[in-house]
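Q: Would you mind keeping the following structure in view while I ask a few things?
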Amino acid sequence: MFELADAGDLGFDSERLGRIAPFLAETYIDSGRLPNAQLVVCRDGKPVHYTKLGKMGDDGRELTDDALFRIASMTKPVTSVAFMQLVEQCKVALEEPVTKVFPEFADLKVYAGGGGSIPFAPGAPAHPIRFVDLLTHMSGLTYGLQNRNNIDAVYREFNFDFARDHLDSDEFVAKLSKLPLEFAPGQGWNYSVSTDVLGIAVERISGMRLGEYFEKHIFDPLGMKDTRFGVAEGQSHRLVDAYAYRPGDAPRMINAGATSKLNQPGTFDSGGGGLVGTIADYDRFTSMLLNGGELDGARILSPKTVRLMRTNHLPDNRDLTEMSSSLFSEANNAGTGFGLGFAMVIDPAKTLMPSSMGEFYWGGAYSTAFFVDPLERITMTFMTQVYPSSTYPIRRQLKTLIYSALTDSYA
């Protein structure tokens with residue numbers, strides 16, 4: 001699977017890296033808290049640690065190296081990279097209004113009350129959403145899963161969060177455009193369907209369905225042969241079962257890999273959360289990001305574009321404690337900024353865990369995660385399959401174990 005380099009040669013203590021697998025086994029796998037775990041840690045693109053534990057699912061098969069996982073919101077950085085490729089070609093610009101490709105959004109209003117059993121109150125007209133607002137989640141859109149207000153309730157009614165099997169891209173936008181924004185674009189931060197809209201923008205600008213665009217311009221060049229929207233024909237046996245947390249009990253299986261709808265074509269490619277892939281594939285994606293947009297001769301983005309993406313775009317360099325109005329668990333709020341598709345560390349001390357200034361990362365709803373540390377030249381990709389990602393503090397624990405094994409710091 002991964003040919004491991006000598007950890008000592010790359011500035012790691014091999015015995016300390018050796019703590020990771022026993023910790024995961026004792027704390028999560030043997031106790032039944034997680035069905036499985038896969039982890040790869042690299043420095044300068046060279047793997048120094050790989051762990052594989054647990055089962056594929058309820059059928060008891062051992063987890064395979066090429067297991068397929070629902071990576072959920074780890075799709076968002078891929079969609080953001082795709083959009084930035086179009087920015088590099090001057091087919092679109094970050095500061096342009098989204099009405100350039102979405103005339104449906106020409107008459108958006110800001111929420112002023114109502115919803116549920118009564119119509120939404122007429123709100124004040126919103127100034128245009130810009131493409132940068134979609135990338136930074138400052139658009140005023142939301143998620144049904146937020147479950148905080150009447151706008152979220154209508155998102156759940158339309159099932160925007162899980163549109164794969166009942167909407168196409170145009171229907172998604174048509175329904176969304178009739179709903180009020182939670183706030184005026186640029187005035188707050190809210191984890192939302194913004195990246196789904198961004199993916200539809202990629203489709204309209206490129207003239208390709210999002211999965212086809214990803215395959216041609218990102219996956220094929222990077223050799224990510226197993227990542228796609230859904231599962232390739234004949235590969236259902238590789239898709240792990242998905243589980244949901246139950247307080248006081250072992251997670252319950254909610255979606256069996258062998259019978260999942262992901263084995264059939266969908267009508268909508270969710271740029272915000274629809275990809276299925278392997279740890280090896282996502283490791284190549286993170287290596288490309290660490291390397292400034294290039295891997296093994298395949299140039300995906302320029303280094304300057306990647307640098308722009310991993311820079312905090314929150315106003316006045318604020319962190320998410322000052323800007324976020326939403327419920328989400330893919331990042332800590334304190335000391336964390338947000339760029340063009342990623343969260344990043346802007347104040348390591350405030351995160352209260354080992355980290356580097358400028359380290360960027362994200363995760364998925366099924367507890368998957370990755371980070372890229374440009375200072376220490378470290379990448380990590382973690383796969384498992386338990387919803388929601390707020391269930392366990394495993395991301396903090398993994399970061400602590402990895403950085404605790406580092407003996408040669410570039411800081």
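Naming scheme: A, B, ... for chains in displayed order of the structure tokens; residues 1 onward per chain; ligands 1 onward as shown.
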So which residues touch range 208-214 of chain A within 9 Å, counting only C-alpha atoms, skipping near sequence neighbours fewer than 3 positions away, as a VMD selection string?

A: chain A and resid 78 to 79 82 199 to 200 202 to 205 217 to 220 228 to 229 268 to 271 275

Q: Quick one: contact table of range 265-321 of chain A to range 112-136 of chain A, 10 Å max, nearest atom pair and distance in Å to one decimal per residue, counting only C-alpha atoms, chain and number order, as JSON lines?

A:
{"residue": "A:Met309", "atom": "CA", "partner": "A:Leu135", "partner_atom": "CA", "distance": 9.1}
{"residue": "A:Asn312", "atom": "CA", "partner": "A:Thr136", "partner_atom": "CA", "distance": 9.2}
{"residue": "A:His313", "atom": "CA", "partner": "A:Thr136", "partner_atom": "CA", "distance": 7.1}
{"residue": "A:Leu314", "atom": "CA", "partner": "A:Thr136", "partner_atom": "CA", "distance": 7.9}

Q: Convert the current residue selection to file output with N, CA, C and O atoms, as a CSV table (one decimal), in the first residue's frame.

A:
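Listing of part.csv after writing:
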chain,number,residue,atom,x,y,z
A,309,MET,N,-5.3,30.4,-1.5
A,309,MET,CA,-6.3,29.6,-1.0
A,309,MET,C,-6.1,29.3,0.5
A,309,MET,O,-7.1,29.2,1.3
A,312,ASN,N,-5.9,33.2,5.3
A,312,ASN,CA,-7.2,33.6,6.0
A,312,ASN,C,-7.9,34.7,5.3
A,312,ASN,O,-7.3,35.8,5.0
A,313,HIS,N,-9.1,34.5,4.9
A,313,HIS,CA,-9.9,35.6,4.2
A,313,HIS,C,-11.0,36.1,5.0
A,313,HIS,O,-11.8,36.9,4.5
A,314,LEU,N,-11.0,35.8,6.3
A,314,LEU,CA,-12.0,36.4,7.2
A,314,LEU,C,-11.6,37.9,7.4
A,314,LEU,O,-10.4,38.2,7.5

Q: Determine which residues of range 7-229 of chain A receive a DSSP assignment of alpha helix (DSSP H), computed from the backbone, and state them as a ChimeraX atom specification.

A: /A:14-17,20-24,75-88,131-136,150-158,169-176,194-206,210-214,220-222

Q: Please report, as a PyMOL selection string, each residue of range 32-263 of chain A to which DSSP assigns strand (DSSP E) when run on this structure's backbone.

A: chain A and resi 36-43+46-54+69-70+228-229+242-246+249-255

Q: Can you write just those residues out, N, CA, C and O atoms, as a CSV table (one decimal), in the first residue's frame?

A:
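To be explicit, this is the file written out as out39.csv:
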chain,number,residue,atom,x,y,z
A,36,ASN,N,-13.5,1.1,12.1
A,36,ASN,CA,-12.3,0.9,11.4
A,36,ASN,C,-11.5,2.2,11.5
A,36,ASN,O,-12.0,3.3,11.9
A,37,ALA,N,-10.2,2.2,11.1
A,37,ALA,CA,-9.4,3.4,11.0
A,37,ALA,C,-8.2,3.1,10.1
A,37,ALA,O,-7.6,2.1,10.1
A,38,GLN,N,-8.0,4.1,9.2
A,38,GLN,CA,-6.8,4.1,8.4
A,38,GLN,C,-6.2,5.5,8.5
A,38,GLN,O,-6.8,6.5,8.5
A,39,LEU,N,-4.9,5.5,8.6
A,39,LEU,CA,-4.1,6.7,8.8
A,39,LEU,C,-2.8,6.6,8.1
A,39,LEU,O,-2.1,5.6,8.1
A,40,VAL,N,-2.5,7.7,7.3
A,40,VAL,CA,-1.1,7.8,6.7
A,40,VAL,C,-0.6,9.2,7.1
A,40,VAL,O,-1.3,10.2,7.0
A,41,VAL,N,0.7,9.2,7.5
A,41,VAL,CA,1.4,10.4,7.8
A,41,VAL,C,2.6,10.5,6.9
A,41,VAL,O,3.4,9.5,6.7
A,42,CYS,N,2.8,11.6,6.3
A,42,CYS,CA,3.9,11.8,5.4
A,42,CYS,C,4.7,13.1,5.7
A,42,CYS,O,4.2,14.0,6.3
A,43,ARG,N,6.0,13.1,5.3
A,43,ARG,CA,6.8,14.3,5.4
A,43,ARG,C,7.5,14.4,4.0
A,43,ARG,O,8.1,13.5,3.6
A,46,LYS,N,6.8,11.8,1.6
A,46,LYS,CA,7.2,10.4,1.8
A,46,LYS,C,6.5,9.8,3.1
A,46,LYS,O,6.6,10.4,4.2
A,47,PRO,N,5.8,8.7,2.9
A,47,PRO,CA,5.1,8.1,4.1
A,47,PRO,C,6.0,7.7,5.2
A,47,PRO,O,7.0,7.0,4.9
A,48,VAL,N,5.7,8.0,6.4
A,48,VAL,CA,6.5,7.6,7.5
A,48,VAL,C,5.7,6.7,8.5
A,48,VAL,O,6.3,6.1,9.4
A,49,HIS,N,4.4,6.7,8.3
A,49,HIS,CA,3.6,5.9,9.2
A,49,HIS,C,2.3,5.6,8.5
A,49,HIS,O,1.6,6.4,7.8
A,50,TYR,N,1.9,4.3,8.6
A,50,TYR,CA,0.6,3.8,8.0
A,50,TYR,C,-0.1,2.9,9.0
A,50,TYR,O,0.6,1.9,9.5
A,51,THR,N,-1.3,3.1,9.3
A,51,THR,CA,-2.1,2.3,10.3
A,51,THR,C,-3.4,1.9,9.6
A,51,THR,O,-4.0,2.7,8.9
A,52,LYS,N,-3.7,0.6,9.7
A,52,LYS,CA,-5.0,0.1,9.2
A,52,LYS,C,-5.5,-0.9,10.2
A,52,LYS,O,-4.9,-1.9,10.6
A,53,LEU,N,-6.7,-0.6,10.7
A,53,LEU,CA,-7.3,-1.3,11.8
A,53,LEU,C,-8.8,-1.5,11.6
A,53,LEU,O,-9.5,-0.7,11.0
A,54,GLY,N,-9.4,-2.6,12.1
A,54,GLY,CA,-10.8,-2.8,12.1
A,54,GLY,C,-11.4,-3.6,10.9
A,54,GLY,O,-10.7,-4.2,10.2
A,69,PHE,N,-14.2,5.0,1.1
A,69,PHE,CA,-14.9,5.7,2.2
A,69,PHE,C,-15.7,6.9,1.6
A,69,PHE,O,-15.3,7.5,0.6
A,70,ARG,N,-16.8,7.2,2.3
A,70,ARG,CA,-17.5,8.4,2.0
A,70,ARG,C,-16.7,9.6,2.6
A,70,ARG,O,-16.7,9.7,3.8
A,228,ARG,N,-14.5,9.2,-6.9
A,228,ARG,CA,-15.5,9.6,-7.8
A,228,ARG,C,-16.8,9.9,-7.0
A,228,ARG,O,-16.9,9.7,-5.8
A,229,PHE,N,-17.8,10.4,-7.7
A,229,PHE,CA,-19.1,10.6,-7.2
A,229,PHE,C,-19.8,9.2,-7.3
A,229,PHE,O,-20.3,8.9,-8.4
A,242,ALA,N,-21.3,2.5,6.6
A,242,ALA,CA,-21.4,3.7,7.4
A,242,ALA,C,-22.2,3.6,8.6
A,242,ALA,O,-23.2,2.8,8.7
A,243,TYR,N,-21.7,4.3,9.7
A,243,TYR,CA,-22.3,4.1,11.0
A,243,TYR,C,-22.7,5.5,11.6
A,243,TYR,O,-22.2,6.5,11.2
A,244,ALA,N,-23.6,5.4,12.6
A,244,ALA,CA,-24.0,6.6,13.3
A,244,ALA,C,-23.8,6.4,14.8
A,244,ALA,O,-24.1,5.3,15.3
A,245,TYR,N,-23.3,7.4,15.5
A,245,TYR,CA,-23.1,7.4,16.9
A,245,TYR,C,-24.4,7.2,17.7
A,245,TYR,O,-25.4,7.8,17.4
A,246,ARG,N,-24.3,6.4,18.7
A,246,ARG,CA,-25.5,6.3,19.7
A,246,ARG,C,-24.9,6.5,21.1
A,246,ARG,O,-24.0,5.7,21.5
A,249,ASP,N,-23.8,3.5,23.6
A,249,ASP,CA,-23.8,2.2,22.9
A,249,ASP,C,-22.9,2.3,21.7
A,249,ASP,O,-22.4,3.4,21.3
A,250,ALA,N,-22.6,1.2,21.1
A,250,ALA,CA,-21.7,1.1,19.9
A,250,ALA,C,-22.4,1.8,18.7
A,250,ALA,O,-23.7,1.8,18.7
A,251,PRO,N,-21.7,2.4,17.8
A,251,PRO,CA,-22.3,3.0,16.7
A,251,PRO,C,-23.2,2.0,15.9
A,251,PRO,O,-22.9,0.8,15.8
A,252,ARG,N,-24.3,2.5,15.3
A,252,ARG,CA,-25.2,1.7,14.6
A,252,ARG,C,-25.0,1.8,13.1
A,252,ARG,O,-24.8,2.9,12.6
A,253,MET,N,-25.0,0.7,12.4
A,253,MET,CA,-24.8,0.8,10.9
A,253,MET,C,-26.0,1.4,10.3
A,253,MET,O,-27.1,0.9,10.5
A,254,ILE,N,-25.8,2.4,9.4
A,254,ILE,CA,-26.9,3.1,8.8
A,254,ILE,C,-26.9,3.0,7.3
A,254,ILE,O,-27.9,3.3,6.7
A,255,ASN,N,-25.8,2.5,6.7
A,255,ASN,CA,-25.7,2.4,5.3
A,255,ASN,C,-24.7,1.4,4.9
A,255,ASN,O,-23.5,1.6,5.0

Q: Would you mind reading off the distance between CA of Pro348 in chain A and CA of Asn333 in chain A, one decimal, in Å?

A: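 Computed distance, CA of Pro348 in chain A to CA of Asn333 in chain A, equals 11.7 Å.
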
Q: Just to confirm, what's the straight-line distance from CA of Phe183 in chain A to CA of Ser139 in chain A in Å (one decimal)?

A: 7.9 Å

Q: Need to verify the contact set: Tyr143 in chain A, 10 Å, only C-alpha atoms, exclusion of same-chain residues closer than 4 positions in sequence. Can you return it as a PyMOL selection string?

A: chain A and resi 147-148+151-156+159-161+190-194+326-327

Q: Distance table requested - range 257-366 of chain A against range 375-382 of chain A, cut-off 10 Å, only C-alpha atoms: one row per qualifying residue with the closest atom pair and its distance in Å to one decimal, ordered by chain and rising residue number, as a Markdown table.

A:
| residue | atom | partner | partner_atom | distance |
| --- | --- | --- | --- | --- |
| A:Ile279 | CA | A:Thr381 | CA | 6.7 |
| A:Ala280 | CA | A:Thr381 | CA | 8.8 |
| A:Asp281 | CA | A:Thr381 | CA | 9.9 |
| A:Tyr282 | CA | A:Thr381 | CA | 7.1 |
| A:Asp283 | CA | A:Thr381 | CA | 6.2 |
| A:Arg284 | CA | A:Thr381 | CA | 9.9 |
| A:Phe285 | CA | A:Thr381 | CA | 9.9 |
| A:Thr286 | CA | A:Thr379 | CA | 6.6 |
| A:Ser287 | CA | A:Thr379 | CA | 7.1 |
| A:Leu289 | CA | A:Thr379 | CA | 9.4 |
| A:Leu290 | CA | A:Arg377 | CA | 7.0 |
| A:Asn291 | CA | A:Arg377 | CA | 8.9 |
| A:Ser355 | CA | A:Glu376 | CA | 9.6 |
| A:Ser356 | CA | A:Leu375 | CA | 6.7 |
| A:Met357 | CA | A:Leu375 | CA | 7.7 |
| A:Gly358 | CA | A:Leu375 | CA | 7.6 |
| A:Glu359 | CA | A:Leu375 | CA | 7.5 |
| A:Phe360 | CA | A:Thr379 | CA | 9.8 |
| A:Tyr361 | CA | A:Met380 | CA | 9.4 |
| A:Gly363 | CA | A:Phe382 | CA | 8.9 |

Q: Since we have the selection now, will you write its residues out, keeping all heavy atoms, as a short mmCIF file (atom, residue, chain, number, x, y, z; two decimals), in the first residue's frame?

A:
data_model
loop_
_atom_site.label_atom_id
_atom_site.label_comp_id
_atom_site.auth_asym_id
_atom_site.auth_seq_id
_atom_site.Cartn_x
_atom_site.Cartn_y
_atom_site.Cartn_z
N ILE A 279 -7.84 6.20 0.86
CA ILE A 279 -6.84 6.98 1.57
C ILE A 279 -5.65 7.27 0.67
O ILE A 279 -5.07 8.36 0.75
CB ILE A 279 -6.41 6.26 2.87
CG1 ILE A 279 -5.60 7.23 3.76
CG2 ILE A 279 -5.66 4.97 2.58
CD1 ILE A 279 -5.34 6.68 5.16
N ALA A 280 -5.29 6.32 -0.19
CA ALA A 280 -4.14 6.54 -1.08
C ALA A 280 -4.41 7.69 -2.04
O ALA A 280 -3.53 8.52 -2.31
CB ALA A 280 -3.82 5.27 -1.85
N ASP A 281 -5.63 7.76 -2.56
CA ASP A 281 -5.98 8.85 -3.48
C ASP A 281 -5.91 10.20 -2.77
O ASP A 281 -5.34 11.17 -3.29
CB ASP A 281 -7.38 8.64 -4.04
CG ASP A 281 -7.41 7.72 -5.25
OD1 ASP A 281 -6.35 7.15 -5.59
OD2 ASP A 281 -8.49 7.56 -5.85
N TYR A 282 -6.52 10.29 -1.59
CA TYR A 282 -6.55 11.60 -0.92
C TYR A 282 -5.15 12.00 -0.45
O TYR A 282 -4.83 13.19 -0.40
CB TYR A 282 -7.54 11.63 0.23
CG TYR A 282 -8.18 12.99 0.39
CD1 TYR A 282 -9.32 13.33 -0.32
CD2 TYR A 282 -7.61 13.97 1.21
CE1 TYR A 282 -9.89 14.60 -0.21
CE2 TYR A 282 -8.18 15.23 1.33
CZ TYR A 282 -9.32 15.54 0.62
OH TYR A 282 -9.86 16.80 0.72
N ASP A 283 -4.33 11.02 -0.17
CA ASP A 283 -2.94 11.33 0.16
C ASP A 283 -2.24 12.01 -1.02
O ASP A 283 -1.43 12.92 -0.83
CB ASP A 283 -2.20 10.04 0.55
CG ASP A 283 -0.72 10.26 0.74
OD1 ASP A 283 -0.33 10.96 1.70
OD2 ASP A 283 0.07 9.73 -0.08
N ARG A 284 -2.55 11.60 -2.22
CA ARG A 284 -1.97 12.25 -3.40
C ARG A 284 -2.49 13.68 -3.53
O ARG A 284 -1.75 14.58 -3.93
CB ARG A 284 -2.25 11.43 -4.66
CG ARG A 284 -1.50 10.11 -4.69
CD ARG A 284 -1.54 9.43 -6.04
NE ARG A 284 -0.87 10.19 -7.08
CZ ARG A 284 0.46 10.25 -7.27
NH1 ARG A 284 1.28 9.62 -6.43
NH2 ARG A 284 0.96 10.95 -8.26
N PHE A 285 -3.75 13.89 -3.20
CA PHE A 285 -4.32 15.24 -3.26
C PHE A 285 -3.63 16.14 -2.24
O PHE A 285 -3.24 17.28 -2.57
CB PHE A 285 -5.82 15.17 -2.99
CG PHE A 285 -6.54 16.49 -3.09
CD1 PHE A 285 -6.74 17.09 -4.32
CD2 PHE A 285 -7.02 17.12 -1.96
CE1 PHE A 285 -7.41 18.30 -4.42
CE2 PHE A 285 -7.69 18.33 -2.04
CZ PHE A 285 -7.88 18.93 -3.28
N THR A 286 -3.43 15.67 -1.01
CA THR A 286 -2.76 16.49 0.00
C THR A 286 -1.30 16.73 -0.36
O THR A 286 -0.75 17.81 -0.10
CB THR A 286 -2.85 15.86 1.40
OG1 THR A 286 -2.20 14.59 1.41
CG2 THR A 286 -4.29 15.71 1.84
N SER A 287 -0.66 15.74 -0.97
CA SER A 287 0.74 15.92 -1.39
C SER A 287 0.85 17.00 -2.45
O SER A 287 1.81 17.78 -2.46
CB SER A 287 1.31 14.59 -1.91
OG SER A 287 1.38 13.62 -0.88
N LEU A 289 -1.13 19.58 -2.72
CA LEU A 289 -1.30 20.86 -2.04
C LEU A 289 -0.03 21.27 -1.31
O LEU A 289 0.39 22.43 -1.35
CB LEU A 289 -2.47 20.78 -1.06
CG LEU A 289 -3.85 20.60 -1.68
CD1 LEU A 289 -4.89 20.31 -0.60
CD2 LEU A 289 -4.25 21.83 -2.49
N LEU A 290 0.60 20.31 -0.62
CA LEU A 290 1.86 20.61 0.08
C LEU A 290 2.93 21.08 -0.89
O LEU A 290 3.72 21.97 -0.58
CB LEU A 290 2.33 19.36 0.83
CG LEU A 290 3.67 19.48 1.54
CD1 LEU A 290 3.58 20.43 2.72
CD2 LEU A 290 4.18 18.12 2.00
N ASN A 291 2.90 20.50 -2.07
CA ASN A 291 3.93 20.79 -3.06
C ASN A 291 3.60 21.99 -3.93
O ASN A 291 4.17 22.18 -5.00
CB ASN A 291 4.14 19.54 -3.95
CG ASN A 291 5.53 19.48 -4.54
OD1 ASN A 291 6.51 19.86 -3.91
ND2 ASN A 291 5.62 18.98 -5.76
N SER A 355 0.52 22.66 16.69
CA SER A 355 0.15 23.06 15.33
C SER A 355 1.18 24.05 14.82
O SER A 355 2.05 24.50 15.57
CB SER A 355 -1.25 23.69 15.29
OG SER A 355 -1.33 24.81 16.15
N SER A 356 1.07 24.41 13.56
CA SER A 356 1.96 25.38 12.95
C SER A 356 1.16 26.52 12.36
O SER A 356 0.04 26.32 11.86
CB SER A 356 2.78 24.73 11.82
OG SER A 356 3.62 23.71 12.30
N MET A 357 1.70 27.70 12.41
CA MET A 357 1.08 28.83 11.73
C MET A 357 0.94 28.50 10.24
O MET A 357 1.90 28.09 9.59
CB MET A 357 1.94 30.08 11.90
CG MET A 357 1.38 31.31 11.21
SD MET A 357 -0.07 31.97 12.05
CE MET A 357 0.73 32.85 13.41
N GLY A 358 -0.27 28.66 9.73
CA GLY A 358 -0.51 28.41 8.32
C GLY A 358 -0.88 26.98 7.98
O GLY A 358 -1.19 26.69 6.82
N GLU A 359 -0.88 26.09 8.93
CA GLU A 359 -1.34 24.73 8.69
C GLU A 359 -2.81 24.78 8.25
O GLU A 359 -3.61 25.52 8.83
CB GLU A 359 -1.19 23.95 9.99
CG GLU A 359 -1.77 22.56 10.02
CD GLU A 359 -1.72 22.02 11.43
OE1 GLU A 359 -0.63 22.04 12.06
OE2 GLU A 359 -2.78 21.59 11.93
N PHE A 360 -3.16 24.03 7.23
CA PHE A 360 -4.54 24.08 6.75
C PHE A 360 -5.14 22.68 6.67
O PHE A 360 -4.41 21.70 6.54
CB PHE A 360 -4.66 24.83 5.42
CG PHE A 360 -3.87 24.28 4.27
CD1 PHE A 360 -4.48 23.55 3.26
CD2 PHE A 360 -2.50 24.53 4.15
CE1 PHE A 360 -3.77 23.06 2.18
CE2 PHE A 360 -1.77 24.05 3.07
CZ PHE A 360 -2.41 23.31 2.08
N TYR A 361 -6.46 22.63 6.74
CA TYR A 361 -7.09 21.32 6.96
C TYR A 361 -8.59 21.39 6.77
O TYR A 361 -9.17 22.46 6.66
CB TYR A 361 -6.78 20.83 8.38
CG TYR A 361 -7.24 21.78 9.47
CD1 TYR A 361 -8.45 21.58 10.11
CD2 TYR A 361 -6.46 22.87 9.85
CE1 TYR A 361 -8.88 22.44 11.12
CE2 TYR A 361 -6.88 23.73 10.84
CZ TYR A 361 -8.09 23.52 11.47
OH TYR A 361 -8.51 24.37 12.46
N GLY A 363 -12.29 18.32 7.22
CA GLY A 363 -12.71 16.96 7.53
C GLY A 363 -14.06 16.68 6.92
O GLY A 363 -14.63 17.51 6.21
#

Q: If we count only C-alpha atoms, what is near Asp59 in chain A at a cut-off of 12 Å, once residues fewer than 2 positions away on the same chain are taken out, given as a list of chain:residue names?

A: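 My list of contacting residues is A:Pro35, A:Gly54, A:Lys55, A:Met56, A:Gly57, A:Arg61, A:Glu62, A:Leu63, A:His237, A:Val240, A:Asp241, A:Met253, A:Ala256, A:Gly257, A:Ala258.
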
Q: For the selection just defined, write its residues with N, CA, C and O atoms to a file, as a PDB file, in the first residue's frame.

A:
ATOM      1  N   PRO A  35     -15.647   1.499  13.805  1.00  0.00           N
ATOM      2  CA  PRO A  35     -15.564   0.199  13.140  1.00  0.00           C
ATOM      3  C   PRO A  35     -14.204  -0.043  12.491  1.00  0.00           C
ATOM      4  O   PRO A  35     -13.795  -1.190  12.306  1.00  0.00           O
ATOM      5  N   GLY A  54      -9.396  -2.630  12.070  1.00  0.00           N
ATOM      6  CA  GLY A  54     -10.836  -2.797  12.079  1.00  0.00           C
ATOM      7  C   GLY A  54     -11.392  -3.551  10.889  1.00  0.00           C
ATOM      8  O   GLY A  54     -10.670  -4.233  10.151  1.00  0.00           O
ATOM      9  N   LYS A  55     -12.696  -3.398  10.711  1.00  0.00           N
ATOM     10  CA  LYS A  55     -13.457  -4.182   9.736  1.00  0.00           C
ATOM     11  C   LYS A  55     -14.064  -3.289   8.657  1.00  0.00           C
ATOM     12  O   LYS A  55     -14.232  -2.087   8.840  1.00  0.00           O
ATOM     13  N   MET A  56     -14.417  -3.915   7.547  1.00  0.00           N
ATOM     14  CA  MET A  56     -15.124  -3.204   6.482  1.00  0.00           C
ATOM     15  C   MET A  56     -16.538  -2.835   6.904  1.00  0.00           C
ATOM     16  O   MET A  56     -17.103  -1.861   6.420  1.00  0.00           O
ATOM     17  N   GLY A  57     -17.098  -3.649   7.820  1.00  0.00           N
ATOM     18  CA  GLY A  57     -18.458  -3.376   8.257  1.00  0.00           C
ATOM     19  C   GLY A  57     -19.034  -4.534   9.034  1.00  0.00           C
ATOM     20  O   GLY A  57     -18.307  -5.358   9.599  1.00  0.00           O
ATOM     21  N   ARG A  61     -15.564  -8.549   7.520  1.00  0.00           N
ATOM     22  CA  ARG A  61     -14.351  -8.622   6.699  1.00  0.00           C
ATOM     23  C   ARG A  61     -13.303  -7.636   7.207  1.00  0.00           C
ATOM     24  O   ARG A  61     -13.638  -6.517   7.597  1.00  0.00           O
ATOM     25  N   GLU A  62     -12.052  -8.042   7.166  1.00  0.00           N
ATOM     26  CA  GLU A  62     -10.974  -7.148   7.578  1.00  0.00           C
ATOM     27  C   GLU A  62     -10.904  -5.941   6.642  1.00  0.00           C
ATOM     28  O   GLU A  62     -11.127  -6.063   5.428  1.00  0.00           O
ATOM     29  N   LEU A  63     -10.609  -4.779   7.209  1.00  0.00           N
ATOM     30  CA  LEU A  63     -10.450  -3.575   6.399  1.00  0.00           C
ATOM     31  C   LEU A  63      -9.333  -3.771   5.388  1.00  0.00           C
ATOM     32  O   LEU A  63      -8.237  -4.234   5.734  1.00  0.00           O
ATOM     33  N   HIS A 237     -18.072  -4.074  -3.214  1.00  0.00           N
ATOM     34  CA  HIS A 237     -17.475  -4.814  -2.100  1.00  0.00           C
ATOM     35  C   HIS A 237     -16.372  -4.024  -1.401  1.00  0.00           C
ATOM     36  O   HIS A 237     -15.971  -4.357  -0.288  1.00  0.00           O
ATOM     37  N   VAL A 240     -16.967   0.650   2.453  1.00  0.00           N
ATOM     38  CA  VAL A 240     -17.205   0.296   3.849  1.00  0.00           C
ATOM     39  C   VAL A 240     -18.630   0.655   4.249  1.00  0.00           C
ATOM     40  O   VAL A 240     -19.270   1.520   3.641  1.00  0.00           O
ATOM     41  N   ASP A 241     -19.125  -0.008   5.270  1.00  0.00           N
ATOM     42  CA  ASP A 241     -20.413   0.366   5.844  1.00  0.00           C
ATOM     43  C   ASP A 241     -20.269   1.693   6.580  1.00  0.00           C
ATOM     44  O   ASP A 241     -19.205   2.013   7.120  1.00  0.00           O
ATOM     45  N   MET A 253     -24.951   0.706  12.373  1.00  0.00           N
ATOM     46  CA  MET A 253     -24.755   0.756  10.926  1.00  0.00           C
ATOM     47  C   MET A 253     -25.990   1.370  10.264  1.00  0.00           C
ATOM     48  O   MET A 253     -27.119   0.950  10.526  1.00  0.00           O
ATOM     49  N   ALA A 256     -25.168   0.205   4.453  1.00  0.00           N
ATOM     50  CA  ALA A 256     -24.268  -0.884   4.098  1.00  0.00           C
ATOM     51  C   ALA A 256     -23.602  -0.609   2.754  1.00  0.00           C
ATOM     52  O   ALA A 256     -24.264  -0.178   1.803  1.00  0.00           O
ATOM     53  N   GLY A 257     -22.310  -0.845   2.683  1.00  0.00           N
ATOM     54  CA  GLY A 257     -21.596  -0.593   1.442  1.00  0.00           C
ATOM     55  C   GLY A 257     -22.154  -1.377   0.272  1.00  0.00           C
ATOM     56  O   GLY A 257     -22.319  -0.854  -0.836  1.00  0.00           O
ATOM     57  N   ALA A 258     -22.483  -2.653   0.494  1.00  0.00           N
ATOM     58  CA  ALA A 258     -22.907  -3.518  -0.608  1.00  0.00           C
ATOM     59  C   ALA A 258     -24.230  -3.097  -1.206  1.00  0.00           C
ATOM     60  O   ALA A 258     -24.477  -3.302  -2.402  1.00  0.00           O
TER      61      ALA A 258
END

Q: Quick check, in Å to one decimal: how far apart do CA of Ala365 in chain A and CA of Asn317 in chain A lie?

A: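 Going from CA of Ala365 in chain A over to CA of Asn317 in chain A covers 26.7 Å.
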